[in-house]
file run-v1.txt (compact mmCIF, C-alpha atoms)
# COMPACT_ATOMS: atom_id res chain seq x y z
CA MET A 131 -2.01 -28.25 1.77
CA GLY A 132 -3.07 -29.85 5.02
CA LYS A 133 -6.15 -29.31 7.14
CA SER A 134 -4.63 -26.66 9.38
CA CYS A 135 -2.97 -24.69 6.57
CA GLY A 136 -5.96 -22.36 6.08
CA ARG A 137 -5.80 -21.29 9.72
CA ILE A 138 -2.08 -20.60 9.43
CA ILE A 139 -2.30 -18.72 6.12
CA GLU A 140 -4.88 -16.40 7.69
CA ARG A 141 -2.36 -15.49 10.37
CA LEU A 142 0.67 -15.25 8.14
CA THR A 143 0.50 -11.51 7.53
CA ALA A 144 0.23 -10.68 11.21
CA TYR A 145 2.99 -13.20 11.88
CA ILE A 146 5.34 -11.59 9.34
CA ASP A 147 4.46 -8.15 10.73
CA GLU A 148 5.24 -9.40 14.26
CA LEU A 149 1.77 -8.52 15.47
CA LEU A 150 0.65 -11.97 16.66
CA PRO A 151 0.26 -12.74 20.35
CA GLU A 152 2.96 -15.06 21.66
CA GLN A 153 0.81 -18.18 21.75
CA GLU A 154 -0.39 -17.81 18.17
CA ARG A 155 3.11 -17.00 17.01
CA ALA A 156 4.35 -20.25 18.49
CA GLU A 157 1.52 -22.14 16.80
CA VAL A 158 2.40 -20.62 13.40
CA GLU A 159 6.07 -21.44 13.87
CA ARG A 160 5.34 -25.03 14.81
CA HIS A 161 3.26 -25.40 11.67
CA LEU A 162 5.85 -23.74 9.42
CA GLY A 163 8.47 -26.09 10.76
CA ALA A 164 6.44 -29.04 9.52
CA CYS A 165 4.82 -27.69 6.35
CA PRO A 166 7.03 -26.74 3.38
CA PRO A 167 4.23 -25.15 1.26
CA CYS A 168 3.27 -22.78 4.09
CA ARG A 169 6.95 -22.11 4.71
CA THR A 170 7.31 -21.01 1.09
CA CYS A 171 4.34 -18.66 1.48
CA ALA A 172 5.90 -17.21 4.63
CA CYS A 173 9.25 -16.70 2.88
CA GLU A 174 7.58 -14.93 -0.01
CA GLU A 175 5.64 -12.65 2.28
CA ARG A 176 8.69 -11.81 4.30
CA ILE A 177 10.80 -11.11 1.22
CA ALA A 178 8.23 -8.75 -0.26
CA ARG A 179 7.85 -6.84 3.00
CA ILE A 180 11.59 -6.54 3.50
CA VAL A 181 12.20 -5.30 -0.05
CA LEU A 182 9.35 -2.78 0.11
CA GLN A 183 10.33 -1.48 3.53
CA ALA A 184 13.94 -1.15 2.47
CA ARG A 185 12.90 0.82 -0.61
CA ALA A 186 9.95 2.66 0.94
CA PHE A 187 11.80 5.92 1.27
CA ARG A 188 12.75 5.95 -2.40
CA LEU A 189 9.36 4.67 -3.58
CA ARG A 190 7.64 7.39 -1.59
CA ALA A 191 9.98 10.12 -2.73
CA ALA A 192 8.09 10.89 -5.92
CA ALA A 193 9.16 14.33 -6.98
CA VAL A 194 6.03 16.43 -6.75
CA PRO A 195 5.72 18.33 -10.03
CA PRO A 196 6.16 22.08 -9.38
CA GLU A 197 2.87 22.83 -11.21
CA LEU A 198 0.99 20.57 -8.80
CA ARG A 199 2.55 22.30 -5.83
CA SER A 200 1.58 25.68 -7.29
CA ARG A 201 -1.98 24.52 -7.94
CA CYS A 202 -2.31 23.34 -4.34
CA GLU A 203 -0.84 26.57 -3.01
CA ALA A 204 -3.29 28.49 -5.17
CA SER A 205 -6.17 26.47 -3.66
CA LEU A 206 -4.91 27.45 -0.22
CA ARG A 207 -4.72 31.13 -1.12
CA GLY A 208 -8.18 30.92 -2.64
CA ARG A 209 -9.60 30.09 0.78
CA LYS A 210 -7.87 32.88 2.67
CA ARG A 211 -10.52 35.55 2.87
CA MET B 14 -16.99 32.80 1.32
CA PRO B 15 -15.19 29.74 2.60
CA SER B 16 -13.26 30.29 5.75
CA ALA B 17 -9.49 30.15 5.68
CA PRO B 18 -7.90 26.85 6.70
CA SER B 19 -6.00 26.99 9.95
CA PRO B 20 -2.33 27.64 9.20
CA SER B 21 -1.16 24.44 10.87
CA PHE B 22 -3.70 22.33 8.96
CA ALA B 23 -2.61 23.90 5.68
CA ALA B 24 1.07 23.41 6.47
CA GLU B 25 0.47 19.79 7.47
CA ILE B 26 -1.29 18.88 4.25
CA MET B 27 1.35 20.64 2.18
CA ARG B 28 3.93 18.47 3.93
CA LEU B 29 1.99 15.35 2.94
CA LEU B 30 1.92 16.26 -0.74
CA GLU B 31 4.82 13.94 -1.54
CA PRO B 32 3.39 10.68 -0.13
CA LEU B 33 0.00 11.60 -1.58
CA TYR B 34 1.51 12.10 -5.01
CA ALA B 35 3.58 8.90 -4.81
CA THR B 36 0.46 6.94 -3.91
CA ALA B 37 -1.58 8.69 -6.60
CA MET B 38 1.09 7.69 -9.14
CA ARG B 39 0.75 4.05 -8.04
CA LEU B 40 -3.03 4.27 -8.32
CA THR B 41 -3.31 6.06 -11.64
CA ARG B 42 -0.03 5.01 -13.22
CA ASN B 43 0.21 8.26 -15.11
CA ARG B 44 1.31 11.70 -14.17
CA ALA B 45 -1.60 13.79 -15.44
CA ASP B 46 -4.21 11.71 -13.59
CA ALA B 47 -2.03 11.59 -10.47
CA GLU B 48 -1.78 15.37 -10.42
CA ASP B 49 -5.53 15.79 -10.85
CA LEU B 50 -6.21 13.23 -8.15
CA VAL B 51 -3.94 14.95 -5.64
CA GLN B 52 -5.38 18.36 -6.50
CA ASP B 53 -8.95 17.06 -5.98
CA THR B 54 -7.92 15.42 -2.71
CA PHE B 55 -6.33 18.65 -1.57
CA VAL B 56 -9.38 20.75 -2.41
CA LYS B 57 -11.71 18.28 -0.64
CA ALA B 58 -9.50 18.23 2.43
CA LEU B 59 -9.69 22.02 2.64
CA ARG B 60 -13.42 21.99 2.12
CA PHE B 61 -14.01 19.34 4.77
CA GLU B 62 -11.41 20.53 7.26
CA ASP B 63 -14.09 20.85 9.95
CA ARG B 64 -14.83 17.11 9.63
CA PHE B 65 -11.28 16.21 10.53
CA THR B 66 -10.92 15.37 14.20
CA ALA B 67 -7.84 17.11 15.52
CA GLY B 68 -5.40 14.76 17.18
CA THR B 69 -6.28 11.84 14.89
CA ASN B 70 -4.13 10.70 12.00
CA LEU B 71 -4.26 13.39 9.31
CA LYS B 72 -2.32 11.27 6.87
CA ALA B 73 -4.78 8.37 7.14
CA TRP B 74 -7.65 10.83 6.70
CA LEU B 75 -6.09 12.31 3.55
CA PHE B 76 -5.36 8.86 2.14
CA THR B 77 -8.99 7.93 2.71
CA ILE B 78 -10.09 10.96 0.70
CA LEU B 79 -7.56 10.10 -2.01
CA HIS B 80 -8.81 6.52 -2.34
CA ASN B 81 -12.48 7.52 -2.28
CA THR B 82 -11.89 10.16 -4.92
CA TRP B 83 -10.12 7.62 -7.10
CA LYS B 84 -12.85 5.05 -6.60
CA ASN B 85 -15.53 7.58 -7.57
CA ARG B 86 -13.58 8.60 -10.60
CA LEU B 87 -13.22 5.01 -11.76
CA ARG B 88 -16.92 4.53 -11.25
CA GLY B 89 -17.66 7.70 -13.19
CA ALA B 90 -15.49 6.54 -16.03
CA ALA B 91 -17.21 3.13 -15.89
CA ARG B 92 -13.79 1.65 -15.39
CA GLU B 93 -13.97 -0.95 -12.70
CA PRO B 94 -10.78 -2.13 -11.03
CA LEU B 95 -9.48 -5.42 -12.35
CA ASP B 96 -11.42 -8.40 -11.20
CA ILE B 97 -9.35 -10.96 -9.45
CA ASP B 98 -9.48 -14.57 -10.39
CA SER B 99 -8.26 -15.93 -7.10
CA GLY B 100 -7.78 -19.43 -8.44
CA ARG B 101 -5.45 -18.22 -11.12
CA VAL B 102 -3.62 -16.04 -8.64
CA GLU B 103 -2.98 -19.02 -6.41
CA GLU B 104 -1.72 -21.09 -9.30
CA ALA B 105 0.55 -18.35 -10.58
CA GLY B 106 4.25 -18.35 -9.91
CA ALA B 107 6.27 -21.48 -10.31
CA SER B 108 9.02 -21.90 -7.79
CA GLU B 109 12.58 -21.19 -8.74
CA GLY B 110 15.60 -22.47 -6.89
CA LEU B 111 18.07 -20.09 -5.31
CA ALA B 112 21.73 -20.44 -4.53
CA ALA B 113 22.02 -21.51 -0.94
CA ALA B 114 24.94 -19.25 -0.09
CA ASP B 115 23.03 -15.99 0.20
CA THR B 116 19.69 -15.36 1.86
CA PRO B 117 16.86 -14.73 -0.61
CA GLU B 118 16.23 -11.35 1.02
CA ARG B 119 19.80 -10.25 0.46
CA ILE B 120 19.86 -11.43 -3.14
CA LEU B 121 16.65 -9.59 -3.92
CA LEU B 122 17.66 -6.42 -2.15
CA ARG B 123 20.93 -6.41 -4.03
CA ASP B 124 19.57 -7.31 -7.45
CA THR B 125 16.25 -5.51 -7.61
CA LEU B 126 16.39 -2.16 -9.32
CA ASP B 127 13.97 0.52 -8.22
CA ALA B 128 12.52 0.55 -11.73
CA ASP B 129 11.97 -3.24 -11.62
CA LEU B 130 10.25 -2.95 -8.27
CA GLN B 131 8.00 -0.17 -9.53
CA ALA B 132 7.21 -2.16 -12.66
CA ALA B 133 6.42 -5.27 -10.61
CA LEU B 134 4.10 -3.21 -8.40
CA ASP B 135 2.40 -1.61 -11.37
CA GLU B 136 1.77 -5.00 -12.96
CA MET B 137 -0.12 -6.24 -9.90
CA PRO B 138 -3.92 -6.16 -9.85
CA GLU B 139 -5.01 -2.91 -8.25
CA THR B 140 -6.68 -4.31 -5.13
CA PHE B 141 -3.51 -6.15 -4.10
CA ARG B 142 -1.18 -3.32 -5.03
CA GLN B 143 -3.17 -0.85 -2.92
CA ALA B 144 -3.16 -3.05 0.16
CA VAL B 145 0.54 -3.90 -0.05
CA TRP B 146 1.56 -0.32 -0.78
CA LEU B 147 -0.44 1.12 2.12
CA ARG B 148 0.98 -1.45 4.51
CA ASP B 149 4.62 -1.87 3.52
CA VAL B 150 5.45 1.50 2.00
CA GLU B 151 3.19 3.81 3.98
CA GLU B 152 3.09 1.65 7.15
CA PHE B 153 -0.60 2.13 7.88
CA SER B 154 -2.26 -0.30 10.30
CA TYR B 155 -4.66 -2.97 9.03
CA ALA B 156 -7.55 -1.05 10.58
CA GLU B 157 -6.52 2.21 8.92
CA ILE B 158 -6.27 0.51 5.54
CA ALA B 159 -9.66 -1.14 6.08
CA GLY B 160 -11.12 2.31 6.69
CA MET B 161 -9.48 3.76 3.59
CA LEU B 162 -10.55 0.99 1.25
CA ASP B 163 -13.88 0.42 2.98
CA VAL B 164 -13.38 -3.33 3.34
CA PRO B 165 -13.18 -5.58 6.45
CA VAL B 166 -9.84 -5.98 8.24
CA GLY B 167 -9.74 -9.68 7.33
CA THR B 168 -9.98 -8.78 3.65
CA VAL B 169 -7.16 -6.26 4.04
CA MET B 170 -4.94 -8.90 5.60
CA SER B 171 -5.62 -11.49 2.94
CA ARG B 172 -4.99 -8.93 0.19
CA ILE B 173 -1.69 -7.98 1.80
CA SER B 174 -0.75 -11.62 2.12
CA ARG B 175 -1.52 -12.55 -1.45
CA GLY B 176 -0.21 -9.28 -2.80
CA ARG B 177 3.13 -9.74 -1.10
CA ARG B 178 3.48 -13.28 -2.40
CA MET B 179 2.55 -12.14 -5.89
CA LEU B 180 5.17 -9.42 -5.72
CA ALA B 181 7.87 -11.75 -4.44
CA ARG B 182 7.21 -14.12 -7.31
CA ARG B 183 7.28 -11.29 -9.83
CA LEU B 184 10.63 -10.25 -8.47
CA GLY B 185 11.80 -13.80 -8.93
CA GLY B 186 12.57 -14.53 -5.32
CA VAL B 187 10.92 -17.72 -4.24
CA ALA B 188 12.74 -19.34 -1.41
CA HIS B 189 12.67 -22.88 -0.26
CA GLY B 190 12.71 -22.44 3.47
call {"tool": "encode", "arguments": {"input": "run-v1.txt", "output": "structure tokens"}}
result
Amino acid sequence: MGKSCGRIIERLTAYIDELLPEQERAEVERHLGACPPCRTCACEERIARIVLQARAFRLRAAAVPPELRSRCEASLRGRKR
Amino acid sequence: MPSAPSPSFAAEIMRLLEPLYATAMRLTRNRADAEDLVQDTFVKALRFEDRFTAGTNLKAWLFTILHNTWKNRLRGAAREPLDIDSGRVEEAGASEGLAAADTPERILLRDTLDADLQAALDEMPETFRQAVWLRDVEEFSYAEIAGMLDVPVGTVMSRISRGRRMLARRLGGVAHG
């Protein structure tokens, strides 16, 4: 890893999430173009985010056990005085 | 006697039961503990309804209670979250080549089973799993996650970064860009 890699790695998450200001984005891209190890890190981060986002709906859709729902509803009723 | 929760508040938190339970399952990794954790979170949310500022993000507030409750429970059980050896984490994951024809993203999306993805997430050290889950599955902002986990934003970002890379390697998708 080169001298400037640390600076780039710190910005990688915001870069992948498209939250970097234009100037910093350009700086990260210039570096990635010249630095294969950082490029690998960026690819890994992007892959993980894409896979998780694509599956988020199914990952989130944990079937709430009916007993849990009943317990929570009972807590609600318990407070209605 | 406790006062009744406002109907809209109650309805809102009932609607958030599913993401809360999914996240509790990722935290506890077993159903009984996940149910207890959600129930506790629910009861606390009702008790502290007056501390919730209307118009702010109810989901983020509930997730904060969920994570605090879990943290306290771990502390109570003298079970600390896994300590991370960052050096080892950085060394982990040898690169594997990929066929050039397809993009790595497409190959992984096609070949990763939901069960494999869940298993890969569950195998990750807790601190990284939490950060990645809250960002990429629940789409919270860095600042919201920092509030929930009570760590600085910079720490959240580096956990997301390393967590994502760890996950990608576990799924076997290392690209040579």
call {"tool": "axis_aligned_box", "arguments": {"input": "run-v1.txt", "around": "stretch 141-152 of chain A", "padding_each_side": "3 Å", "output": "JSON"}}
result
{"center_x": 1.5, "center_y": -11.8, "center_z": 14.6, "size_x": 13.7, "size_y": 13.3, "size_z": 20.1}
call {"tool": "closest_residue", "arguments": {"input": "run-v1.txt", "among": "A:Leu150, A:Cys202, A:Ala164, A:Cys135", "to": "chain B", "atoms": "all atoms listed in the file"}}
result
A:Cys202
call {"tool": "residues_around", "arguments": {"input": "run-v1.txt", "residues": "A:Arg185", "least_positions_apart": "2", "cutoff": "12 Å", "atoms": "only C-alpha atoms", "output": "PDB file with C-alpha atoms, in the frame of the given file"}}
result
ATOM      1  CA  ALA A 178       8.230  -8.750  -0.260  1.00  0.00           C
ATOM      2  CA  ARG A 179       7.850  -6.840   3.000  1.00  0.00           C
ATOM      3  CA  ILE A 180      11.590  -6.540   3.500  1.00  0.00           C
ATOM      4  CA  VAL A 181      12.200  -5.300  -0.050  1.00  0.00           C
ATOM      5  CA  LEU A 182       9.350  -2.780   0.110  1.00  0.00           C
ATOM      6  CA  GLN A 183      10.330  -1.480   3.530  1.00  0.00           C
ATOM      7  CA  PHE A 187      11.800   5.920   1.270  1.00  0.00           C
ATOM      8  CA  ARG A 188      12.750   5.950  -2.400  1.00  0.00           C
ATOM      9  CA  LEU A 189       9.360   4.670  -3.580  1.00  0.00           C
ATOM     10  CA  ARG A 190       7.640   7.390  -1.590  1.00  0.00           C
ATOM     11  CA  ALA A 191       9.980  10.120  -2.730  1.00  0.00           C
TER      12      ALA A 191
ATOM     13  CA  LEU B 121      16.650  -9.590  -3.920  1.00  0.00           C
ATOM     14  CA  LEU B 122      17.660  -6.420  -2.150  1.00  0.00           C
ATOM     15  CA  ARG B 123      20.930  -6.410  -4.030  1.00  0.00           C
ATOM     16  CA  THR B 125      16.250  -5.510  -7.610  1.00  0.00           C
ATOM     17  CA  LEU B 126      16.390  -2.160  -9.320  1.00  0.00           C
ATOM     18  CA  ASP B 127      13.970   0.520  -8.220  1.00  0.00           C
ATOM     19  CA  ALA B 128      12.520   0.550 -11.730  1.00  0.00           C
ATOM     20  CA  ASP B 129      11.970  -3.240 -11.620  1.00  0.00           C
ATOM     21  CA  LEU B 130      10.250  -2.950  -8.270  1.00  0.00           C
ATOM     22  CA  GLN B 131       8.000  -0.170  -9.530  1.00  0.00           C
ATOM     23  CA  TRP B 146       1.560  -0.320  -0.780  1.00  0.00           C
ATOM     24  CA  ASP B 149       4.620  -1.870   3.520  1.00  0.00           C
ATOM     25  CA  VAL B 150       5.450   1.500   2.000  1.00  0.00           C
ATOM     26  CA  GLU B 151       3.190   3.810   3.980  1.00  0.00           C
TER      27      GLU B 151
END
call {"tool": "closest_residue", "arguments": {"input": "run-v1.txt", "among": "B:Lys84, B:Arg172, B:Lys72, B:Arg183", "to": "B:Met27", "atoms": "all atoms listed in the file"}}
result
B:Lys72
call {"tool": "closest_residue", "arguments": {"input": "run-v1.txt", "among": "B:Leu79, B:Leu59, B:Ala133, B:Ala144", "to": "chain A", "atoms": "all atoms listed in the file"}}
result
B:Leu59
call {"tool": "closest_atom_pairs", "arguments": {"input": "run-v1.txt", "of": "chain A", "to": "chain B", "cutoff": "10 Å", "atoms": "all atoms listed in the file", "output": "tab-separated table"}}
result
residue	atom	partner	partner_atom	distance
A:Ile139	CA	B:Ser174	CA	8.3
A:Glu140	CA	B:Ser171	CA	6.9
A:Arg141	CA	B:Met170	CA	8.5
A:Leu142	CA	B:Ser174	CA	7.2
A:Thr143	CA	B:Ser174	CA	5.6
A:Ala144	CA	B:Met170	CA	7.8
A:Ile146	CA	B:Ser174	CA	9.4
A:Asp147	CA	B:Asp149	CA	9.6
A:Leu162	CA	B:Gly190	CA	9.2
A:Gly163	CA	B:Gly190	CA	9.2
A:Cys165	CA	B:Gly190	CA	9.9
A:Pro166	CA	B:Gly190	CA	7.1
A:Pro167	CA	B:His189	CA	8.9
A:Cys168	CA	B:Gly190	CA	9.5
A:Arg169	CA	B:Gly190	CA	5.9
A:Thr170	CA	B:His189	CA	5.8
A:Cys171	CA	B:Arg178	CA	6.7
A:Ala172	CA	B:Arg178	CA	8.4
A:Cys173	CA	B:Ala188	CA	6.1
A:Glu174	CA	B:Arg178	CA	5.0
A:Glu175	CA	B:Arg177	CA	5.1
A:Arg176	CA	B:Arg177	CA	8.0
A:Ile177	CA	B:Glu118	CA	5.4
A:Ala178	CA	B:Ala181	CA	5.2
A:Arg179	CA	B:Asp149	CA	6.0
A:Ile180	CA	B:Glu118	CA	7.1
A:Val181	CA	B:Leu122	CA	6.0
A:Leu182	CA	B:Asp149	CA	5.9
A:Gln183	CA	B:Asp149	CA	5.7
A:Ala184	CA	B:Leu122	CA	7.9
A:Arg185	CA	B:Asp127	CA	7.7
A:Ala186	CA	B:Val150	CA	4.8
A:Phe187	CA	B:Val150	CA	7.8
A:Arg188	CA	B:Asp127	CA	8.1
A:Leu189	CA	B:Ala35	CA	7.3
A:Arg190	CA	B:Ala35	CA	5.4
A:Ala191	CA	B:Glu31	CA	6.5
A:Ala192	CA	B:Ala35	CA	5.1
A:Ala193	CA	B:Glu31	CA	7.0
A:Val194	CA	B:Glu31	CA	5.9
A:Pro195	CA	B:Glu48	CA	8.1
A:Glu197	CA	B:Glu48	CA	8.8
A:Leu198	CA	B:Glu48	CA	6.1
A:Arg199	CA	B:Leu30	CA	7.9
A:Arg201	CA	B:Gln52	CA	7.2
A:Cys202	CA	B:Gln52	CA	6.2
A:Glu203	CA	B:Met27	CA	8.2
A:Ser205	CA	B:Val56	CA	6.7
A:Leu206	CA	B:Ala23	CA	7.3
A:Arg207	CA	B:Ala17	CA	8.4
A:Gly208	CA	B:Ala17	CA	8.5
A:Arg209	CA	B:Ala17	CA	4.9
A:Lys210	CA	B:Ala17	CA	4.4
A:Arg211	CA	B:Ala17	CA	6.2
call {"tool": "atom_distance", "arguments": {"input": "run-v1.txt", "atom1": "atom CA of B:Glu136", "atom2": "atom CA of B:Asp124"}}
result
18.8 Å
call {"tool": "atom_distance", "arguments": {"input": "run-v1.txt", "atom1": "atom CA of B:Ile158", "atom2": "atom CA of A:Glu152"}}
result
24.2 Å
call {"tool": "atom_distance", "arguments": {"input": "run-v1.txt", "atom1": "atom CA of B:Arg64", "atom2": "atom CA of B:Ile78"}}
result
11.8 Å
call {"tool": "build_atoms", "arguments": {"input": "run-v1.txt", "residues": "stretch 146-160 of chain B", "atoms": "N, CA, C and O atoms", "output": "mmCIF file, in the coordinates of the input"}}
result
data_model
loop_
_atom_site.group_PDB
_atom_site.id
_atom_site.type_symbol
_atom_site.label_atom_id
_atom_site.label_comp_id
_atom_site.auth_asym_id
_atom_site.auth_seq_id
_atom_site.Cartn_x
_atom_site.Cartn_y
_atom_site.Cartn_z
ATOM 1 N N TRP B 146 0.926 -1.650 -0.810
ATOM 2 C CA TRP B 146 1.560 -0.320 -0.780
ATOM 3 C C TRP B 146 1.239 0.393 0.533
ATOM 4 O O TRP B 146 2.122 0.937 1.199
ATOM 5 N N LEU B 147 -0.036 0.393 0.908
ATOM 6 C CA LEU B 147 -0.440 1.120 2.120
ATOM 7 C C LEU B 147 0.192 0.512 3.363
ATOM 8 O O LEU B 147 0.529 1.214 4.302
ATOM 9 N N ARG B 148 0.379 -0.801 3.351
ATOM 10 C CA ARG B 148 0.980 -1.450 4.510
ATOM 11 C C ARG B 148 2.510 -1.297 4.523
ATOM 12 O O ARG B 148 3.092 -0.823 5.476
ATOM 13 N N ASP B 149 3.162 -1.723 3.467
ATOM 14 C CA ASP B 149 4.620 -1.870 3.520
ATOM 15 C C ASP B 149 5.382 -0.604 3.123
ATOM 16 O O ASP B 149 6.525 -0.433 3.525
ATOM 17 N N VAL B 150 4.759 0.253 2.354
ATOM 18 C CA VAL B 150 5.450 1.500 2.000
ATOM 19 C C VAL B 150 4.998 2.622 2.932
ATOM 20 O O VAL B 150 5.813 3.344 3.488
ATOM 21 N N GLU B 151 3.699 2.716 3.137
ATOM 22 C CA GLU B 151 3.190 3.810 3.980
ATOM 23 C C GLU B 151 3.024 3.422 5.448
ATOM 24 O O GLU B 151 2.764 4.270 6.292
ATOM 25 N N GLU B 152 3.135 2.148 5.767
ATOM 26 C CA GLU B 152 3.090 1.650 7.150
ATOM 27 C C GLU B 152 1.790 2.015 7.894
ATOM 28 O O GLU B 152 1.813 2.334 9.083
ATOM 29 N N PHE B 153 0.673 1.964 7.192
ATOM 30 C CA PHE B 153 -0.600 2.130 7.880
ATOM 31 C C PHE B 153 -0.965 0.817 8.568
ATOM 32 O O PHE B 153 -0.524 -0.262 8.149
ATOM 33 N N SER B 154 -1.808 0.920 9.619
ATOM 34 C CA SER B 154 -2.260 -0.300 10.300
ATOM 35 C C SER B 154 -3.341 -0.982 9.453
ATOM 36 O O SER B 154 -3.928 -0.366 8.565
ATOM 37 N N TYR B 155 -3.610 -2.253 9.762
ATOM 38 C CA TYR B 155 -4.660 -2.970 9.030
ATOM 39 C C TYR B 155 -5.994 -2.223 9.149
ATOM 40 O O TYR B 155 -6.737 -2.108 8.185
ATOM 41 N N ALA B 156 -6.274 -1.729 10.349
ATOM 42 C CA ALA B 156 -7.550 -1.050 10.580
ATOM 43 C C ALA B 156 -7.627 0.252 9.766
ATOM 44 O O ALA B 156 -8.678 0.584 9.212
ATOM 45 N N GLU B 157 -6.524 0.969 9.709
ATOM 46 C CA GLU B 157 -6.520 2.210 8.920
ATOM 47 C C GLU B 157 -6.760 1.914 7.444
ATOM 48 O O GLU B 157 -7.513 2.610 6.761
ATOM 49 N N ILE B 158 -6.107 0.870 6.955
ATOM 50 C CA ILE B 158 -6.270 0.510 5.540
ATOM 51 C C ILE B 158 -7.717 0.058 5.286
ATOM 52 O O ILE B 158 -8.322 0.416 4.274
ATOM 53 N N ALA B 159 -8.271 -0.692 6.223
ATOM 54 C CA ALA B 159 -9.660 -1.140 6.080
ATOM 55 C C ALA B 159 -10.589 0.061 5.951
ATOM 56 O O ALA B 159 -11.508 0.075 5.128
ATOM 57 N N GLY B 160 -10.323 1.089 6.753
ATOM 58 C CA GLY B 160 -11.120 2.310 6.690
ATOM 59 C C GLY B 160 -10.969 3.013 5.337
ATOM 60 O O GLY B 160 -11.947 3.467 4.750
#
